[in-house]
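Heads up, protein-v5.csv below (CSV, C-alpha atoms and all ligand atoms):
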```csv
chain,number,residue,atom,x,y,z
A,112,MET,CA,-40.8,-32.9,-40.9
A,113,PHE,CA,-38.6,-30.7,-43.2
A,114,ASN,CA,-38.0,-33.4,-45.7
A,115,LYS,CA,-41.7,-33.9,-46.4
A,116,ILE,CA,-42.0,-30.5,-48.1
A,117,PRO,CA,-42.8,-31.2,-51.8
A,118,THR,CA,-41.1,-29.4,-54.6
A,119,VAL,CA,-42.6,-26.0,-55.3
A,120,ILE,CA,-44.2,-25.6,-58.7
A,121,GLN,CA,-43.5,-22.2,-60.2
A,122,SER,CA,-46.1,-19.8,-61.4
A,123,LYS,CA,-45.8,-20.4,-65.1
A,124,GLU,CA,-46.0,-24.1,-64.7
A,125,LEU,CA,-49.0,-24.0,-62.4
A,126,VAL,CA,-50.9,-21.8,-64.8
A,127,ASN,CA,-50.0,-24.1,-67.7
A,128,ARG,CA,-51.1,-27.2,-65.8
A,129,CYS,CA,-54.4,-25.7,-64.9
A,130,PHE,CA,-55.1,-24.4,-68.5
A,131,SER,CA,-54.0,-27.6,-70.1
A,132,LYS,CA,-56.3,-29.7,-67.8
A,133,ALA,CA,-59.2,-27.3,-68.5
A,134,SER,CA,-58.7,-27.5,-72.3
A,135,LYS,CA,-59.1,-31.2,-72.2
A,136,ILE,CA,-62.5,-31.2,-70.5
A,137,GLU,CA,-65.3,-32.8,-72.5
A,138,ILE,CA,-68.9,-32.5,-71.5
A,139,PRO,CA,-71.8,-34.2,-73.1
A,140,GLU,CA,-73.7,-32.2,-75.8
A,141,GLN,CA,-76.7,-30.4,-74.5
A,142,LYS,CA,-79.5,-28.2,-76.0
A,143,PRO,CA,-79.9,-25.4,-76.4
A,144,TRP,CA,-76.4,-24.5,-77.5
A,145,ILE,CA,-76.0,-21.6,-75.0
A,146,ALA,CA,-76.7,-24.1,-72.1
A,147,TYR,CA,-73.9,-26.3,-73.5
A,148,VAL,CA,-71.5,-23.4,-73.8
A,149,ARG,CA,-72.3,-22.2,-70.2
A,150,THR,CA,-71.8,-25.7,-68.8
A,151,GLN,CA,-68.5,-25.9,-70.6
A,152,CYS,CA,-67.3,-22.6,-69.3
A,153,ILE,CA,-68.3,-23.4,-65.8
A,154,ALA,CA,-66.5,-26.7,-65.9
A,155,LYS,CA,-63.3,-25.1,-67.2
A,156,ILE,CA,-63.4,-22.4,-64.4
A,157,SER,CA,-64.1,-25.1,-61.8
A,158,THR,CA,-61.2,-27.2,-63.1
A,159,VAL,CA,-58.7,-24.4,-63.0
A,160,GLU,CA,-59.9,-23.3,-59.6
A,161,GLY,CA,-59.9,-26.8,-58.2
A,162,ILE,CA,-56.4,-27.7,-59.4
A,163,ALA,CA,-54.8,-24.4,-58.4
A,164,VAL,CA,-56.4,-24.2,-55.0
A,165,ALA,CA,-55.8,-27.8,-54.1
A,166,HIS,CA,-52.1,-27.3,-55.0
A,167,LEU,CA,-51.6,-24.1,-53.1
A,168,LYS,CA,-53.5,-25.3,-50.1
A,169,ARG,CA,-51.5,-28.5,-49.9
A,170,MET,CA,-48.3,-26.5,-50.3
A,171,ILE,CA,-49.1,-24.2,-47.3
A,172,LYS,CA,-49.9,-27.2,-45.2
A,173,LYS,CA,-46.6,-28.9,-45.9
A,174,PHE,CA,-44.5,-25.8,-45.1
A,175,PRO,CA,-44.1,-25.7,-41.3
A,176,SER,CA,-45.6,-22.7,-39.6
A,177,THR,CA,-42.9,-20.9,-37.7
A,178,ASP,CA,-45.3,-20.3,-34.8
A,179,HIS,CA,-45.0,-23.8,-33.7
A,180,LEU,CA,-41.4,-24.5,-34.3
A,181,HIS,CA,-38.9,-25.3,-31.5
A,182,PRO,CA,-36.5,-22.4,-31.0
A,183,PHE,CA,-33.7,-24.7,-32.2
A,184,TYR,CA,-35.2,-24.9,-35.6
A,185,LEU,CA,-36.1,-21.2,-35.6
A,186,SER,CA,-32.4,-20.4,-35.0
A,187,VAL,CA,-31.2,-22.8,-37.6
A,188,LEU,CA,-33.8,-21.4,-40.1
A,189,ASP,CA,-32.6,-17.9,-39.3
A,190,MET,CA,-29.1,-19.0,-40.4
A,191,SER,CA,-30.6,-20.1,-43.7
A,192,PHE,CA,-33.0,-17.4,-44.8
A,193,ASP,CA,-35.2,-14.4,-43.8
A,194,ILE,CA,-37.9,-15.9,-41.6
A,195,ASP,CA,-40.1,-12.8,-42.1
A,196,ASN,CA,-40.0,-13.1,-45.8
A,197,TYR,CA,-40.8,-16.8,-45.5
A,198,LYS,CA,-43.9,-16.0,-43.5
A,199,LYS,CA,-45.0,-13.2,-45.9
A,200,SER,CA,-44.6,-15.5,-48.9
A,201,LEU,CA,-46.7,-18.2,-47.2
A,202,SER,CA,-49.4,-15.7,-46.3
A,203,ARG,CA,-49.5,-14.3,-49.9
A,204,VAL,CA,-50.0,-17.8,-51.2
A,205,GLN,CA,-52.9,-18.2,-48.8
A,206,TRP,CA,-54.3,-14.9,-49.9
A,207,SER,CA,-54.0,-15.9,-53.5
A,208,TYR,CA,-55.9,-19.1,-53.3
A,209,GLN,CA,-58.7,-17.3,-51.4
A,210,LYS,CA,-58.8,-14.8,-54.2
A,211,ILE,CA,-59.0,-17.5,-56.8
A,212,VAL,CA,-61.9,-19.1,-55.0
A,213,GLU,CA,-63.7,-15.8,-54.8
A,214,LEU,CA,-63.1,-15.0,-58.5
A,215,ALA,CA,-64.2,-18.4,-59.7
A,216,GLY,CA,-67.4,-18.1,-57.6
A,217,LYS,CA,-68.2,-14.7,-58.9
A,218,ASP,CA,-67.6,-15.6,-62.6
A,219,ILE,CA,-69.5,-18.8,-62.4
A,220,ARG,CA,-72.5,-16.9,-61.0
A,221,SER,CA,-72.3,-14.3,-63.7
A,222,LEU,CA,-72.1,-17.0,-66.4
A,223,LYS,CA,-75.5,-18.3,-65.4
A,224,SER,CA,-77.2,-15.2,-66.6
A,225,LYS,CA,-75.3,-15.0,-69.9
A,226,LYS,CA,-77.6,-15.2,-73.0
A,227,THR,CA,-75.1,-15.7,-75.8
A,228,ALA,CA,-72.1,-17.9,-76.3
A,229,LYS,CA,-70.0,-14.8,-77.0
A,230,GLU,CA,-70.8,-13.3,-73.7
A,231,ALA,CA,-70.2,-16.6,-71.9
A,232,ASN,CA,-66.8,-17.0,-73.6
A,233,ALA,CA,-65.9,-13.5,-72.7
A,234,VAL,CA,-66.4,-14.3,-69.0
A,235,LEU,CA,-64.2,-17.4,-69.3
A,236,ARG,CA,-61.4,-15.4,-71.0
A,237,GLN,CA,-61.6,-12.8,-68.3
A,238,PHE,CA,-61.4,-15.4,-65.6
A,239,TYR,CA,-58.3,-17.0,-67.3
A,240,GLY,CA,-56.6,-13.6,-67.5
A,241,ARG,CA,-57.3,-12.7,-63.9
A,242,PHE,CA,-56.4,-16.1,-62.6
A,243,ALA,CA,-53.1,-16.1,-64.5
A,244,SER,CA,-52.2,-12.7,-63.1
A,245,ILE,CA,-52.9,-13.7,-59.5
A,246,VAL,CA,-50.6,-16.7,-59.9
A,247,GLU,CA,-48.0,-14.7,-61.8
A,248,ASP,CA,-48.0,-12.2,-58.9
A,249,LEU,CA,-46.9,-15.1,-56.8
A,250,SER,CA,-43.7,-15.7,-58.8
A,251,ASP,CA,-41.3,-14.2,-56.4
A,252,ASP,CA,-42.9,-15.9,-53.4
A,253,LEU,CA,-42.8,-19.3,-55.1
A,254,VAL,CA,-39.1,-18.8,-56.0
A,255,MET,CA,-38.5,-17.8,-52.3
A,256,LEU,CA,-40.4,-20.8,-51.0
A,257,SER,CA,-38.6,-23.1,-53.3
A,258,ALA,CA,-35.2,-21.8,-52.0
A,259,CYS,CA,-36.5,-22.1,-48.4
A,260,ARG,CA,-37.4,-25.7,-49.1
A,261,ASP,CA,-34.0,-26.5,-50.3
A,262,GLN,CA,-32.5,-25.0,-47.2
A,263,MET,CA,-35.0,-26.7,-44.9
A,264,ARG,CA,-34.1,-30.1,-46.3
A,265,LYS,CA,-30.6,-29.6,-45.1
A,266,ILE,CA,-31.5,-28.8,-41.5
A,267,PRO,CA,-29.7,-31.1,-39.1
A,268,GLU,CA,-31.9,-33.8,-37.8
A,269,ILE,CA,-31.4,-33.0,-34.2
A,270,GLU,CA,-34.4,-33.8,-32.1
A,271,PRO,CA,-34.7,-30.7,-29.9
A,272,GLU,CA,-37.3,-32.3,-27.6
A,273,VAL,CA,-35.1,-35.2,-26.7
A,274,PRO,CA,-32.8,-34.7,-23.6
A,275,THR,CA,-29.4,-34.0,-25.0
A,276,PHE,CA,-25.8,-34.2,-24.1
A,277,LEU,CA,-23.4,-32.1,-26.1
A,278,VAL,CA,-19.8,-33.3,-26.0
A,279,ALA,CA,-17.3,-30.5,-25.9
A,280,GLY,CA,-13.5,-30.2,-25.6
A,281,MET,CA,-10.4,-29.3,-27.7
A,282,PRO,CA,-9.9,-31.2,-31.0
A,283,ASN,CA,-8.6,-34.7,-30.7
A,284,VAL,CA,-9.5,-35.2,-27.0
A,285,GLY,CA,-11.8,-38.0,-27.9
A,286,LYS,CA,-15.2,-36.5,-28.4
A,287,SER,CA,-16.3,-38.4,-31.5
A,288,SER,CA,-14.9,-41.6,-30.0
A,289,LEU,CA,-17.0,-41.1,-26.9
A,290,VAL,CA,-20.2,-40.4,-28.9
A,291,ALA,CA,-19.5,-43.6,-30.9
A,292,ALA,CA,-18.8,-45.6,-27.7
A,293,LEU,CA,-22.0,-44.5,-26.0
A,294,SER,CA,-24.4,-44.5,-28.9
A,295,THR,CA,-26.4,-47.6,-29.5
A,296,ALA,CA,-26.1,-47.1,-33.3
A,297,ARG,CA,-23.5,-45.6,-35.5
A,298,PRO,CA,-23.8,-41.8,-35.1
A,299,ARG,CA,-25.5,-39.9,-37.9
A,300,ILE,CA,-23.7,-37.0,-39.5
A,301,ALA,CA,-25.5,-33.7,-40.3
A,302,THR,CA,-24.3,-30.1,-40.9
A,303,PHE,CA,-25.4,-26.6,-39.9
A,304,PRO,CA,-26.4,-24.4,-42.8
A,305,PHE,CA,-23.6,-22.2,-44.2
A,306,THR,CA,-20.9,-23.9,-42.1
A,307,THR,CA,-18.6,-26.7,-43.0
A,308,LYS,CA,-19.2,-28.1,-39.6
A,309,ASN,CA,-20.4,-31.6,-39.2
A,310,ILE,CA,-22.5,-32.7,-36.3
A,311,ASN,CA,-22.4,-36.3,-35.1
A,312,ILE,CA,-25.6,-37.4,-33.6
A,313,GLY,CA,-25.8,-40.5,-31.5
A,314,TYR,CA,-28.6,-41.9,-29.3
A,315,MET,CA,-28.6,-43.9,-26.2
A,316,PHE,CA,-31.0,-45.0,-23.4
A,317,LEU,CA,-30.4,-43.9,-19.8
A,318,GLY,CA,-32.8,-46.1,-18.0
A,319,HIS,CA,-36.0,-45.7,-20.1
A,320,VAL,CA,-35.1,-42.3,-21.3
A,321,ARG,CA,-33.9,-42.0,-24.9
A,322,THR,CA,-31.2,-39.4,-25.0
A,323,GLN,CA,-29.2,-37.7,-27.7
A,324,ILE,CA,-25.4,-37.3,-27.6
A,325,ILE,CA,-24.0,-34.7,-30.0
A,326,ASP,CA,-20.5,-34.0,-31.0
A,327,THR,CA,-20.0,-30.7,-32.8
A,328,PRO,CA,-16.5,-30.7,-34.3
A,329,GLY,CA,-15.3,-27.2,-35.0
A,330,ILE,CA,-18.0,-25.6,-32.8
A,331,LEU,CA,-17.6,-26.3,-29.1
A,332,ASP,CA,-13.9,-27.1,-29.5
A,333,ARG,CA,-12.1,-23.8,-29.8
A,334,PRO,CA,-12.0,-20.4,-28.3
A,335,GLU,CA,-14.8,-18.0,-28.9
A,336,THR,CA,-12.5,-15.5,-30.7
A,337,ASP,CA,-11.8,-18.0,-33.4
A,338,ARG,CA,-15.4,-18.4,-34.4
A,339,ASN,CA,-17.1,-16.8,-37.4
A,340,GLU,CA,-20.7,-15.4,-37.5
A,341,MET,CA,-22.3,-18.6,-38.6
A,342,GLU,CA,-20.5,-20.7,-36.0
A,343,LYS,CA,-21.7,-18.3,-33.3
A,344,ARG,CA,-25.2,-18.7,-34.6
A,345,ALA,CA,-24.8,-22.5,-34.5
A,346,ILE,CA,-23.9,-22.2,-30.9
A,347,SER,CA,-27.0,-20.1,-30.2
A,348,ALA,CA,-29.1,-22.7,-31.9
A,349,LEU,CA,-27.5,-25.5,-29.8
A,350,ASN,CA,-28.1,-23.4,-26.7
A,351,THR,CA,-31.9,-23.6,-27.2
A,352,ILE,CA,-31.7,-27.4,-26.7
A,353,ASP,CA,-32.3,-28.5,-23.2
A,354,GLY,CA,-29.5,-30.6,-21.8
A,355,SER,CA,-26.0,-30.8,-20.3
A,356,ILE,CA,-22.5,-30.7,-21.7
A,357,ILE,CA,-19.9,-33.4,-21.3
A,358,PHE,CA,-16.5,-31.6,-21.4
A,359,LEU,CA,-13.6,-33.8,-22.1
A,360,PHE,CA,-10.1,-33.2,-20.8
A,361,ASP,CA,-7.3,-35.1,-22.4
A,362,ASN,CA,-4.3,-35.1,-20.0
A,363,SER,CA,-2.4,-37.7,-22.0
A,364,GLY,CA,-0.7,-35.1,-24.1
A,365,THR,CA,-1.8,-36.9,-27.3
A,366,SER,CA,-4.2,-34.2,-28.4
A,367,GLY,CA,-1.5,-31.6,-28.3
A,368,TYR,CA,-3.3,-29.1,-26.1
A,369,THR,CA,-2.1,-27.9,-22.7
A,370,ARG,CA,-4.0,-28.3,-19.5
A,371,GLU,CA,-4.4,-24.5,-19.3
A,372,SER,CA,-5.8,-24.1,-22.8
A,373,GLN,CA,-8.3,-26.8,-22.1
A,374,GLU,CA,-9.3,-25.1,-18.8
A,375,THR,CA,-9.8,-21.8,-20.6
A,376,LEU,CA,-12.1,-23.4,-23.2
A,377,PHE,CA,-13.9,-25.2,-20.4
A,378,SER,CA,-14.7,-21.8,-18.6
A,379,GLU,CA,-15.7,-20.3,-21.9
A,380,VAL,CA,-18.1,-23.1,-22.8
A,381,LYS,CA,-19.6,-23.0,-19.4
A,382,LYS,CA,-20.1,-19.3,-19.5
A,383,GLU,CA,-21.3,-19.2,-23.1
A,384,THR,CA,-23.8,-22.1,-22.9
A,385,GLY,CA,-25.0,-21.5,-19.3
A,386,LYS,CA,-25.5,-25.3,-19.2
A,387,ASN,CA,-24.6,-27.9,-16.6
A,388,VAL,CA,-21.1,-29.0,-17.6
A,389,ILE,CA,-19.8,-32.5,-16.5
A,390,ARG,CA,-16.0,-32.7,-16.5
A,391,VAL,CA,-14.6,-35.9,-17.8
A,392,GLN,CA,-11.0,-37.0,-18.3
A,393,SER,CA,-10.5,-39.0,-21.5
A,394,LYS,CA,-8.0,-41.6,-22.7
A,395,VAL,CA,-7.2,-42.9,-19.2
A,396,ASP,CA,-6.0,-46.2,-20.8
A,397,LEU,CA,-2.9,-44.3,-21.8
A,398,GLY,CA,-1.8,-44.4,-18.1
A,399,GLU,CA,-2.0,-40.8,-17.1
A,400,GLU,CA,-2.9,-40.0,-13.5
A,401,MET,CA,-6.7,-39.6,-12.9
A,402,SER,CA,-7.3,-36.1,-11.8
A,403,GLU,CA,-11.0,-35.8,-12.5
A,404,GLU,CA,-13.8,-37.4,-10.7
A,405,ASN,CA,-15.1,-38.9,-13.9
A,406,ALA,CA,-12.5,-40.6,-16.0
A,407,ILE,CA,-13.0,-42.8,-19.1
A,408,SER,CA,-11.5,-44.6,-21.9
A,409,SER,CA,-13.5,-45.0,-25.1
A,410,VAL,CA,-11.1,-47.6,-26.2
A,411,THR,CA,-11.3,-50.0,-23.3
A,412,GLY,CA,-14.7,-48.9,-22.0
A,413,TYR,CA,-13.3,-48.0,-18.7
A,414,GLY,CA,-15.5,-45.6,-16.7
A,415,LEU,CA,-18.4,-45.5,-19.2
A,416,ASP,CA,-20.9,-47.1,-16.9
A,417,LYS,CA,-20.1,-44.7,-14.2
A,418,LEU,CA,-20.4,-41.8,-16.6
A,419,LYS,CA,-23.8,-43.1,-17.6
A,420,GLU,CA,-24.9,-42.9,-14.0
A,421,VAL,CA,-23.6,-39.3,-13.8
A,422,MET,CA,-25.5,-38.6,-17.0
A,423,SER,CA,-28.7,-40.1,-15.5
A,424,VAL,CA,-28.4,-37.9,-12.5
A,425,ALA,CA,-27.9,-34.9,-14.8
A,426,LEU,CA,-31.1,-35.9,-16.6
A,427,GLY,CA,-33.0,-36.1,-13.3
A,428,ALA,CA,-31.8,-32.7,-12.3
A,429,ARG,CA,-33.1,-31.4,-15.6
A,430,VAL,CA,-36.6,-32.7,-15.2
A,501,LIG,N1,-5.9,-44.5,-26.3
A,501,LIG,C1,-7.0,-43.8,-26.5
A,501,LIG,N2,-7.2,-43.1,-27.6
A,501,LIG,C2,-8.3,-42.5,-27.8
A,501,LIG,C3,-9.4,-42.5,-26.9
A,501,LIG,N3,-10.4,-41.8,-27.4
A,501,LIG,C4,-10.0,-41.3,-28.6
A,501,LIG,N4,-8.7,-41.7,-28.9
A,501,LIG,C5,-8.0,-41.4,-30.1
A,501,LIG,O1,-7.7,-40.0,-30.1
A,501,LIG,C6,-7.8,-39.5,-31.4
A,501,LIG,C7,-8.9,-38.4,-31.5
A,501,LIG,O2,-10.1,-38.9,-31.1
A,501,LIG,P1,-11.5,-38.3,-31.6
A,501,LIG,O3,-12.6,-39.0,-31.0
A,501,LIG,O4,-11.5,-38.2,-33.1
A,501,LIG,O5,-11.3,-36.8,-31.0
A,501,LIG,P2,-12.2,-35.5,-31.3
A,501,LIG,O6,-11.5,-34.7,-32.2
A,501,LIG,O7,-12.3,-34.9,-29.9
A,501,LIG,O8,-13.5,-36.0,-31.8
A,501,LIG,C8,-8.1,-40.7,-32.3
A,501,LIG,O9,-7.0,-41.1,-32.8
A,501,LIG,C9,-8.7,-41.7,-31.3
A,501,LIG,O10,-8.5,-43.0,-31.7
A,501,LIG,C10,-9.2,-43.3,-25.7
A,501,LIG,O11,-10.0,-43.4,-24.8
A,501,LIG,N5,-8.0,-43.9,-25.6
A,502,MG,MG,-14.3,-35.5,-33.6
```

Kindly return the structure encoded in the file as structure tokens.
Amino acid sequence: MFNKIPTVIQSKELVNRCFSKASKIEIPEQKPWIAYVRTQCIAKISTVEGIAVAHLKRMIKKFPSTDHLHPFYLSVLDMSFDIDNYKKSLSRVQWSYQKIVELAGKDIRSLKSKKTAKEANAVLRQFYGRFASIVEDLSDDLVMLSACRDQMRKIPEIEPEVPTFLVAGMPNVGKSSLVAALSTARPRIATFPFTTKNINIGYMFLGHVRTQIIDTPGILDRPETDRNEMEKRAISALNTIDGSIIFLFDNSGTSGYTRESQETLFSEVKKETGKNVIRVQSKVDLGEEMSEENAISSVTGYGLDKLKEVMSVALGARV
């Protein structure tokens, strides 16, 4: 959706394009002379109007309306730019093309009653001037929309409508390995705006239900107090997605985190996300005692089928 937004042509270039097209118009000679001049002026006005309006209309259509966006995308956009300004710019573009249509209609009507070539050309010049100033008044909006487009293209391709499992737990407990082990394809990597945080997005089927498994390194893997503003916003964005959390505990000692610090993060994630959290012990191939009801090894595949059953049940509880 966001990568289909075309590049935004800036005011000057749009005006130039329209004028250049209009200047190349040739119409068959016609008598009397004034009829020929009138037809020519009308053709030029229509050309300028046609190109500009088609372009601006198409542009508005390709920029997503914030009224219909999933809250996940709204929160991510809110990390990237001022949504109010975005809306205002879009509505000014809309207003401008309506203004151009109106102006062209009025000038074409007035041309029809002009008796001399001089009068007719004056109407054309006046139209050109007003048209250019309407488009130039859009300069700031077009710059803004162009910047928004650049940001929108970077929005992580999470599908917020798809049932989702977020994998949480301290660094090195095996989150990415689990996402890779469960996902049917190699997980994709995306990033949140203004963070250096990657997101690994994997997909799998639970029965016939396509689900998304997301690992968010640097976001759901450390205490709240360590997070900056953008990371907090990334969590709010993730919270808008319907789904459960798989929280990994690594009791093998290889991650370097104590049991207590992992429990603390667990409580925090549970509280902060308000989501259903499934506790899972990781790396059980390393021989540590199994102390959780769900225990897995992403290396040997131990426990993954049972985990999928637990995930299916969580899905059922969700719908
Ligand atoms: N033995 C064993 N090692 C694992 C397992 N899962 C992950 N690891 C290793 O633990 C380290 C951290 O794993 P990773 O998935 O990157 O952890 P993350 O930081 O939570 O995403 C890597 O060296 C993995 O190879 C497992 O089930 N068994
Ligand atoms: Mg990782």

May I ask you to write as a ChimeraX atom specification all residues lying at most 6 Å from ligand MG 502 (chain A), with all atoms listed in the file counted?
-> /A:286-287,328

Of the listed residues A:Asp261, A:Asp332, A:Glu137, A:Asp353, that which approaches Ser191 (chain A) most closely, counting all atoms listed in the file =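 Of the candidates, the smallest distance to Ser191 (chain A) is held by A:Asp261.
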
Excluding same-chain residues fewer than 2 positions from region 241-258 of chain A, what lies within 9 Å of it counting only C-alpha atoms, as a PyMOL selection string?
-> chain A and resi 118-123+125-126+159-160+163+174+192+196-197+199-201+203-204+207-208+210-211+214-215+236-239+260-263

Compile a residue-level contact table for chain A against ligand LIG 501 (chain A) at a cut-off of 9 Å, reporting for every qualifying residue the shortest atom pair and its distance in Å to one decimal, with all atoms listed in the file counted, rows ordered by chain and ascending number, as a Markdown table.
```
| residue | atom | partner | partner_atom | distance |
| --- | --- | --- | --- | --- |
| A:Val278 | CA | A:LIG501 | O7 | 8.6 |
| A:Ala279 | CA | A:LIG501 | O7 | 7.8 |
| A:Gly280 | CA | A:LIG501 | O7 | 6.5 |
| A:Met281 | CA | A:LIG501 | O7 | 6.3 |
| A:Pro282 | CA | A:LIG501 | O6 | 4.0 |
| A:Asn283 | CA | A:LIG501 | O6 | 3.3 |
| A:Val284 | CA | A:LIG501 | O7 | 4.0 |
| A:Gly285 | CA | A:LIG501 | O3 | 3.4 |
| A:Lys286 | CA | A:LIG501 | O7 | 3.6 |
| A:Ser287 | CA | A:LIG501 | O8 | 3.7 |
| A:Ser288 | CA | A:LIG501 | O3 | 3.6 |
| A:Leu289 | CA | A:LIG501 | O3 | 6.4 |
| A:Val290 | CA | A:LIG501 | O3 | 8.0 |
| A:Ala291 | CA | A:LIG501 | O3 | 8.3 |
| A:Asp326 | CA | A:LIG501 | O8 | 7.3 |
| A:Thr327 | CA | A:LIG501 | O8 | 8.4 |
| A:Pro328 | CA | A:LIG501 | O8 | 6.6 |
| A:Gly329 | CA | A:LIG501 | O6 | 8.9 |
| A:Asp332 | CA | A:LIG501 | O7 | 8.0 |
| A:Leu359 | CA | A:LIG501 | O7 | 8.0 |
| A:Asp361 | CA | A:LIG501 | C3 | 8.9 |
| A:Ser363 | CA | A:LIG501 | N1 | 8.8 |
| A:Thr365 | CA | A:LIG501 | O1 | 7.2 |
| A:Ser366 | CA | A:LIG501 | O1 | 7.0 |
| A:Ser393 | CA | A:LIG501 | O11 | 5.5 |
| A:Lys394 | CA | A:LIG501 | O11 | 3.4 |
| A:Val395 | CA | A:LIG501 | O11 | 6.3 |
| A:Asp396 | CA | A:LIG501 | N5 | 5.7 |
| A:Leu397 | CA | A:LIG501 | N1 | 5.4 |
| A:Ile407 | CA | A:LIG501 | O11 | 6.5 |
| A:Ser408 | CA | A:LIG501 | O11 | 3.5 |
| A:Ser409 | CA | A:LIG501 | O11 | 3.9 |
| A:Val410 | CA | A:LIG501 | O11 | 4.6 |
| A:Thr411 | CA | A:LIG501 | O11 | 6.9 |
| A:Gly412 | CA | A:LIG501 | O11 | 7.8 |
| A:Tyr413 | CA | A:LIG501 | O11 | 8.3 |
```

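Picture a line from CA of Cys129 (chain A) to CA of Gly161 (chain A); it runs 8.7 Å.
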
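Proximity of A:Lys198, A:Phe130, A:Glu335, A:Glu400 to Lys382 (chain A), computed with only C-alpha atoms, is greatest for A:Glu335.
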
Residue nearest Thr336 (chain A) among A:Thr306, A:Asp193, A:Leu376, A:Met315 (counting only C-alpha atoms) |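 Nearest to Thr336 (chain A): A:Leu376.
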
Could you check how far CA of Ala428 (chain A) sits from CA of Phe183 (chain A), in Å to one decimal?
->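 Pair CA of Ala428 (chain A) / CA of Phe183 (chain A) returns 21.5 Å.
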
Which residues are close to Thr384 (chain A), i.e. within 9 Å by only C-alpha atoms, leaving aside same-chain residues fewer than 2 positions away? Reply as a CSV table (one decimal) with C-alpha atoms, in the coordinates of the input.
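Once everything was written out, this is part_23.csv:
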```
chain,number,residue,atom,x,y,z
A,346,ILE,CA,-23.9,-22.2,-30.9
A,347,SER,CA,-27.0,-20.1,-30.2
A,349,LEU,CA,-27.5,-25.5,-29.8
A,350,ASN,CA,-28.1,-23.4,-26.7
A,356,ILE,CA,-22.5,-30.7,-21.7
A,379,GLU,CA,-15.7,-20.3,-21.9
A,380,VAL,CA,-18.1,-23.1,-22.8
A,381,LYS,CA,-19.6,-23.0,-19.4
A,382,LYS,CA,-20.1,-19.3,-19.5
A,386,LYS,CA,-25.5,-25.3,-19.2
A,387,ASN,CA,-24.6,-27.9,-16.6
```

Just how far from CA of Lys155 (chain A) is CA of Trp206 (chain A), in Å to one decimal?
-> 22.0 Å

Could you tell me which of A:Ala406, A:Val212, A:Leu426, A:Val187 comes closest to His319 (chain A) if we count all atoms listed in the file?
->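 Smallest separation from His319 (chain A) among the options: A:Leu426.
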